[in-house]
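Here's the structure, in structure tokens; my notes come after.
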Amino acid sequence: MSFIDEITLHVKAGDGGNGIVSWLHEKGKEFMGPAGGDGGKGGDVYFRAVADISRLGAYRYGNLFAAGRGGDGMRKSRHGKNGEDLELEVPVGSLILNKRTKRVYELLRDGERVLVLHGGRGGLGNEHFKSSRNVRPMESTMGRKGDEADFEVELRLIADAGLIGLPNAGKSSLLNELTAARAKVGSYAFTTLEPNLGAFSGFILADIPGLIEGASAGKGLGTEFLRHIARTKLLLHCISLETDDLLQAYNVVRQELTAFSPELAGKREVIVLTKSDTREAKDVKKAITVLKRKNPDVYTVSVIDDAKLEQFKKELQALLKG
């Protein structure tokens, strides 16, 4: 099943139940008056944030999501049952747009809950219409319709650091070694087709699918994943030392970030040279010198060199705590 990070949901709050016309009679007694109960209130609609980035996939085949209808009023002035509320779970980091009112909701914490649609009010039974001039009221009212709207839900991941870079820059392998994540790894472009998250020393790392030249204009995986690094505090710009032109690889990604969002391009960034085991020490040193022309913060790592990996973990902890 493909990863879904944007979806439109048609959602309806419950309609209110109808009030009724009814009369109170007791055996052996004369007519005692109107006793039609009110209808119950329709169910409200809520969105609630959960720590599951794949949660939107559960709604991919749904057409309408509706809260419960309120029950009709009953005899002897009994109130109709209120309709059941509807709670739709969305991933933490979701932006929710009510397309009818244009109101935007943002859910940034696990368990955060927001009311988005109100259920209809229940109708009135005939007992409400009794007066000195109308002792036998035949009036009652229908329940009101619940609110209804289309909602656009867009996920933007929340992470302390985002791993960015061209395809095959070693991001997924690095995430797997730094965290308990099990991101797919392969030797071909676009192995990562969806963002992967992992926990590292109390921080959240996100592996973002590889960028290519023109991604901000929709090429390759386009902008559908670029937005996922909009909320990260630190960008880990991964460049494989197997790359022939390191400066070009760096510039391509930077140009895409700037084209997509100058604010995003302005986030703190460090360069991480991956696969350092594939080059001689003198070549690694030269690569560091070249890239420091672009960014003074350059680190090296190899996922198959335990010593280098442990050193990078210490460096990364310091970066995230700083």
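By order of appearance in the structure tokens: chains A, B, ..., then residues from 1 within every chain, and ligands from 1 in the order shown.
The list of residues with at least one atom within 9 Å of stretch 286-289 of chain A, based on only C-alpha atoms and without residues fewer than 3 positions apart in the same chain, reads Leu241, Leu246, Leu273, Ala281, Lys282, Asp283, Lys292, Arg293, Val298, Tyr299 and Thr300 of chain A.
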Those in stretch 256-308 of chain A with strand (DSSP E or B) from DSSP, as a PyMOL selection string: chain A and resi 268-274+298-300
Using N, CA and C atoms, can you write the selected residues to a file as a CSV table (one decimal), in the first residue's frame?
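Okay, this is what ended up in result21.csv:
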```csv
chain,number,residue,atom,x,y,z
A,268,ARG,N,19.0,25.6,9.6
A,268,ARG,CA,20.4,25.2,9.9
A,268,ARG,C,20.7,23.9,9.1
A,269,GLU,N,21.8,23.8,8.5
A,269,GLU,CA,22.2,22.6,7.7
A,269,GLU,C,23.6,22.2,8.0
A,270,VAL,N,23.8,20.9,8.1
A,270,VAL,CA,25.2,20.4,8.1
A,270,VAL,C,25.3,19.4,7.0
A,271,ILE,N,26.5,19.2,6.5
A,271,ILE,CA,26.8,18.2,5.5
A,271,ILE,C,27.3,16.9,6.1
A,272,VAL,N,26.8,15.8,5.7
A,272,VAL,CA,27.2,14.5,6.1
A,272,VAL,C,27.7,13.7,4.9
A,273,LEU,N,29.0,13.5,4.9
A,273,LEU,CA,29.6,12.7,3.8
A,273,LEU,C,29.4,11.2,4.2
A,274,THR,N,28.6,10.5,3.5
A,274,THR,CA,28.4,9.1,3.8
A,274,THR,C,29.3,8.2,2.9
A,298,VAL,N,31.0,20.1,8.2
A,298,VAL,CA,31.0,18.9,7.4
A,298,VAL,C,31.5,17.7,8.3
A,299,TYR,N,30.7,16.6,8.2
A,299,TYR,CA,31.0,15.4,9.0
A,299,TYR,C,31.1,14.2,8.1
A,300,THR,N,31.8,13.2,8.5
A,300,THR,CA,31.9,12.0,7.7
A,300,THR,C,31.4,10.8,8.5
```
Enumerate the residues of stretch 24-264 of chain A with a DSSP assignment of alpha helix (DSSP H), computed from the backbone, and present them as a VMD selection string. chain A and resid 171 to 178 246 to 260 262 to 264
Which one of A:Lys171, A:Arg75, A:Arg231, A:Arg48 sits closest to A:Ala159 if you count only C-alpha atoms? A:Arg231
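Of the listed residues A:His237, A:Arg69, A:Arg133, A:Arg121, the one whose atoms come nearest to A:Lys12 is A:Arg69, with distances taken using only C-alpha atoms.
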Between atom CA of A:Lys233 and atom CA of A:Ala318, what is the spacing in Å? 13.7 Å
Contact residues around A:Leu24 with only C-alpha atoms at 9 Å, ignoring same-chain residues under 4 positions, as number ranges by chain: A: 31-36, 75-77
Restricting it to N, CA and C atoms, dump the selection as an mmCIF file, in the first residue's frame.
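For reference, out26.cif as written:
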```
data_model
loop_
_atom_site.group_PDB
_atom_site.id
_atom_site.type_symbol
_atom_site.label_atom_id
_atom_site.label_comp_id
_atom_site.auth_asym_id
_atom_site.auth_seq_id
_atom_site.Cartn_x
_atom_site.Cartn_y
_atom_site.Cartn_z
ATOM 1 N N PHE A 31 -57.813 13.712 30.002
ATOM 2 C CA PHE A 31 -56.651 14.183 29.247
ATOM 3 C C PHE A 31 -55.760 15.070 30.128
ATOM 4 N N MET A 32 -54.461 14.797 30.133
ATOM 5 C CA MET A 32 -53.555 15.520 31.020
ATOM 6 C C MET A 32 -52.567 16.423 30.286
ATOM 7 N N GLY A 33 -52.669 16.501 28.968
ATOM 8 C CA GLY A 33 -51.839 17.474 28.285
ATOM 9 C C GLY A 33 -50.801 16.884 27.345
ATOM 10 N N PRO A 34 -50.081 17.770 26.637
ATOM 11 C CA PRO A 34 -49.072 17.345 25.667
ATOM 12 C C PRO A 34 -47.853 16.745 26.367
ATOM 13 N N ALA A 35 -47.266 15.741 25.760
ATOM 14 C CA ALA A 35 -46.091 15.092 26.367
ATOM 15 C C ALA A 35 -45.153 14.549 25.298
ATOM 16 N N GLY A 36 -45.022 15.317 24.185
ATOM 17 C CA GLY A 36 -44.102 14.901 23.120
ATOM 18 C C GLY A 36 -42.682 15.316 23.445
ATOM 19 N N ARG A 75 -42.522 9.369 23.757
ATOM 20 C CA ARG A 75 -43.694 9.675 24.576
ATOM 21 C C ARG A 75 -43.291 9.989 26.007
ATOM 22 N N LYS A 76 -44.252 10.594 26.729
ATOM 23 C CA LYS A 76 -44.061 10.958 28.139
ATOM 24 C C LYS A 76 -42.871 11.902 28.322
ATOM 25 N N SER A 77 -42.696 12.785 27.333
ATOM 26 C CA SER A 77 -41.684 13.858 27.401
ATOM 27 C C SER A 77 -40.246 13.351 27.452
#
```
Do a neighbour search on stretch 91-103 of chain A at 7 Å with only C-alpha atoms, toss out local chain neighbours closer than 2 positions, and write the hits as a ChimeraX atom specification. /A:49-53,55,89,105-110,149-158
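Nearest to A:Val252 of all the residues A:Ala58, A:Ile164, A:Leu236, A:Ala67 is A:Ile164, based on only C-alpha atoms.
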Residue contacts of A:Lys321 (12 Å, only C-alpha atoms) excluding same-chain residues fewer than 2 positions away, as a ChimeraX atom specification: /A:160-161,200-203,233-234,314-319
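Note that atom CA of A:Ala206 and atom CA of A:Leu175 are 7.9 Å apart.
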What does the structure give for the distance between atom CA of A:Asp15 and atom CA of A:Val90, in Å to one decimal? 24.0 Å
Give me the residues within 12 Å of A:Ala265 as a VMD selection string, counting only C-alpha atoms and dropping any in the same chain fewer than 2 places off. chain A and resid 164 226 to 227 229 to 235 237 251 253 to 263 267 to 269
With C-alpha atoms retained, write the just-selected residues as an mmCIF file, in the first residue's frame.
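Okay, out01.cif is ready:
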```
data_model
loop_
_atom_site.group_PDB
_atom_site.id
_atom_site.type_symbol
_atom_site.label_atom_id
_atom_site.label_comp_id
_atom_site.auth_asym_id
_atom_site.auth_seq_id
_atom_site.Cartn_x
_atom_site.Cartn_y
_atom_site.Cartn_z
ATOM 1 C CA ILE A 164 17.989 15.090 2.782
ATOM 2 C CA LEU A 226 9.720 18.389 0.321
ATOM 3 C CA ARG A 227 7.049 19.751 2.661
ATOM 4 C CA ILE A 229 11.157 18.863 6.110
ATOM 5 C CA ALA A 230 9.436 22.232 6.595
ATOM 6 C CA ARG A 231 9.160 21.678 10.352
ATOM 7 C CA THR A 232 12.558 20.130 11.048
ATOM 8 C CA LYS A 233 15.028 22.047 13.176
ATOM 9 C CA LEU A 234 18.154 20.709 11.478
ATOM 10 C CA LEU A 235 18.860 19.481 7.961
ATOM 11 C CA HIS A 237 22.446 17.012 3.982
ATOM 12 C CA ASN A 251 24.082 22.523 -5.325
ATOM 13 C CA VAL A 253 19.617 19.881 -3.532
ATOM 14 C CA ARG A 254 20.179 23.428 -2.298
ATOM 15 C CA GLN A 255 18.599 24.862 -5.443
ATOM 16 C CA GLU A 256 15.537 22.673 -5.001
ATOM 17 C CA LEU A 257 15.140 23.722 -1.374
ATOM 18 C CA THR A 258 15.412 27.405 -2.283
ATOM 19 C CA ALA A 259 12.951 27.046 -5.170
ATOM 20 C CA PHE A 260 10.456 25.284 -2.931
ATOM 21 C CA SER A 261 10.778 27.518 0.122
ATOM 22 C CA PRO A 262 13.372 30.195 0.968
ATOM 23 C CA GLU A 263 12.397 29.713 4.619
ATOM 24 C CA LYS A 267 17.202 26.293 8.182
ATOM 25 C CA ARG A 268 20.380 25.178 9.867
ATOM 26 C CA GLU A 269 22.184 22.624 7.730
#
```
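Distance check against A:Gly83 using only C-alpha atoms: of A:Ala66, A:Ile239, A:Ile4, A:Leu291, the minimum falls on A:Ala66.
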Spatial neighbours of A:Gly170, 9 Å, only C-alpha atoms, chain gap at least 6 places, as an mmCIF file with N, CA and C atoms, in the first residue's frame:
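Everything below was put into result_24.cif:
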```cif
data_model
loop_
_atom_site.group_PDB
_atom_site.id
_atom_site.type_symbol
_atom_site.label_atom_id
_atom_site.label_comp_id
_atom_site.auth_asym_id
_atom_site.auth_seq_id
_atom_site.Cartn_x
_atom_site.Cartn_y
_atom_site.Cartn_z
ATOM 1 N N VAL A 185 16.362 -0.317 1.981
ATOM 2 C CA VAL A 185 17.651 0.094 1.434
ATOM 3 C C VAL A 185 17.865 -0.638 0.116
ATOM 4 N N CYS A 238 22.933 14.767 3.277
ATOM 5 C CA CYS A 238 23.785 13.597 3.017
ATOM 6 C C CYS A 238 24.274 13.595 1.572
ATOM 7 N N ILE A 239 25.585 13.401 1.415
ATOM 8 C CA ILE A 239 26.198 13.290 0.092
ATOM 9 C C ILE A 239 27.121 12.069 0.108
ATOM 10 N N SER A 240 26.909 11.168 -0.814
ATOM 11 C CA SER A 240 27.724 9.963 -0.871
ATOM 12 C C SER A 240 29.108 10.282 -1.430
ATOM 13 N N THR A 274 28.624 10.511 3.469
ATOM 14 C CA THR A 274 28.383 9.102 3.776
ATOM 15 C C THR A 274 29.297 8.194 2.946
ATOM 16 N N LYS A 275 29.319 6.930 3.350
ATOM 17 C CA LYS A 275 30.095 5.900 2.637
ATOM 18 C C LYS A 275 31.575 6.258 2.577
ATOM 19 N N VAL A 303 28.452 3.471 7.627
ATOM 20 C CA VAL A 303 27.605 2.585 8.422
ATOM 21 C C VAL A 303 28.263 1.224 8.650
#
```
